[in-house]
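What follows is a set of notes on a single structure, which appears directly below.
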Amino acid sequence: MSSEQVRRASVGDCSEELGLGEERGSYAVAGLWGCLAQLVRRLFAGVFVGLLVCLVVLSSRFQKGVITTGSVLLTLFGLSLAWRGLSARFGLRRCYLYTRGLVVTSTFGRVRHAVTWSEVTELRWMSNLTLLLAFHRFEIERRGAGRVAFLALGIKPQLVDALQTQAAANGVR
């Protein structure tokens, strides 16, 4: 199956074609834009909390500041929850783990990478856990093909344990 055919195929077709086996889970992944969105959302939340503190300390307009800041924070939180729900429902930016491989989809739900564990030579993992950014970056080195890289956002996403367990079960270090 060529890389162009993989990109056009659905996740189910791709897993059957490559013989990836039983599905072990579906996890959200992100790219650069997802990481930047997380950074901007956390910066905005910090700025609004700082503005609230300034309103309380410097003026007597506490109620107006609380209502404004609370509504903005709730809106940001609601939008992030809505995006999580929609992206999971439509299969946008997901990593599907199987017993003998994995499939990573793009922003529009199309198959971006399909990898069998037999062609993987190394799984690299890097974490960045700071106040403004929290993500885990995975790089999968393959024999005779390009590198596959993706991010799992959050402090301790479920993908970290699941990916390491599947890689270890298939002899990938």
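Residue numbers start at 1 in each chain; chains themselves are named A, B, ... in the order of the structure tokens; ligands are numbered from 1 in the order shown.
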
Spatial neighbours of A:Val11, max dist 8 Å, only C-alpha atoms, sep filter under 2 positions, as a ChimeraX atom specification: /A:9,13-15,103,105,110-111

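By only C-alpha atoms, and with residues fewer than 5 positions from stretch 120-122 of chain A along its chain excluded, the set lying at most 7 Å from it is Ile140, Glu141, Arg142, Arg143, Val172 and Arg173 of chain A.
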
Would you save the residues of that selection, restricted to N, CA and C atoms, as a PDB file, in the first residue's frame?
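Below you can see part.pdb, which holds the result:
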```
ATOM      1  N   ILE A 140       8.590   8.061  16.208  1.00  0.00           N
ATOM      2  CA  ILE A 140       8.717   6.655  15.858  1.00  0.00           C
ATOM      3  C   ILE A 140       9.640   6.554  14.655  1.00  0.00           C
ATOM      4  N   GLU A 141      10.780   5.912  14.849  1.00  0.00           N
ATOM      5  CA  GLU A 141      11.732   5.674  13.768  1.00  0.00           C
ATOM      6  C   GLU A 141      11.358   4.367  13.084  1.00  0.00           C
ATOM      7  N   ARG A 142      11.334   4.379  11.728  1.00  0.00           N
ATOM      8  CA  ARG A 142      10.952   3.193  10.969  1.00  0.00           C
ATOM      9  C   ARG A 142      12.050   2.804   9.999  1.00  0.00           C
ATOM     10  N   ARG A 143      12.086   1.522   9.679  1.00  0.00           N
ATOM     11  CA  ARG A 143      13.014   1.020   8.658  1.00  0.00           C
ATOM     12  C   ARG A 143      12.502   1.435   7.282  1.00  0.00           C
ATOM     13  N   VAL A 172       9.790  -3.281  20.882  1.00  0.00           N
ATOM     14  CA  VAL A 172      10.365  -1.987  20.506  1.00  0.00           C
ATOM     15  C   VAL A 172      10.904  -1.328  21.763  1.00  0.00           C
ATOM     16  N   ARG A 173      12.128  -0.855  21.680  1.00  0.00           N
ATOM     17  CA  ARG A 173      12.727  -0.214  22.862  1.00  0.00           C
ATOM     18  C   ARG A 173      12.469   1.270  22.847  1.00  0.00           C
TER      19      ARG A 173
END
```

Can you write out as CSV which residues of stretch 36-59 of chain A fall within 10 Å of stretch 65-74 of chain A, alongside each residue's closest atom pair and its distance in Å to one decimal, counting only C-alpha atoms and ordering rows by chain and ascending residue number?
```
residue,atom,partner,partner_atom,distance
A:Arg41,CA,A:Leu73,CA,9.4
A:Phe44,CA,A:Leu73,CA,8.5
A:Ala45,CA,A:Leu73,CA,6.5
A:Gly46,CA,A:Leu73,CA,9.9
A:Val47,CA,A:Thr69,CA,9.8
A:Phe48,CA,A:Thr69,CA,6.0
A:Val49,CA,A:Thr69,CA,7.4
A:Gly50,CA,A:Thr69,CA,9.9
A:Leu51,CA,A:Gly65,CA,8.1
A:Leu52,CA,A:Gly65,CA,5.9
A:Val53,CA,A:Gly65,CA,9.1
A:Cys54,CA,A:Gly65,CA,9.4
A:Leu55,CA,A:Gly65,CA,6.3
A:Val56,CA,A:Gly65,CA,7.9
A:Ser59,CA,A:Gly65,CA,9.8
```

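Residues surrounding stretch 16-33 of chain A within 8 Å are Met1, Gly12, Asp13, Cys14, Cys35, Leu36, Ala37, Ala88, Arg93, Arg94, Cys95, Tyr96, Leu97, Tyr98, Thr99, Arg100, Gly101, Leu102, Thr116, Phe150, Leu151, Ala152, Leu153, Gln158 and Leu159 of chain A [only C-alpha atoms; sequence separation below 2 positions excluded].
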
Helix (DSSP H, G or I) call set, DSSP backbone run, stretch 59-135 of chain A, as a PyMOL selection string: chain A and resi 62-90+117-119

Per-residue DSSP, stretch 31-172 of chain A, filtered to strand (DSSP E or B), as a ChimeraX atom specification: /A:94-98,101-105,111-116,120-129,134-142,145-153

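Minimum atom-to-atom distance to A:Arg147, evaluated using only C-alpha atoms, belongs to A:Arg124 out of A:Arg124, A:Leu133, A:Val160, A:Gly109.
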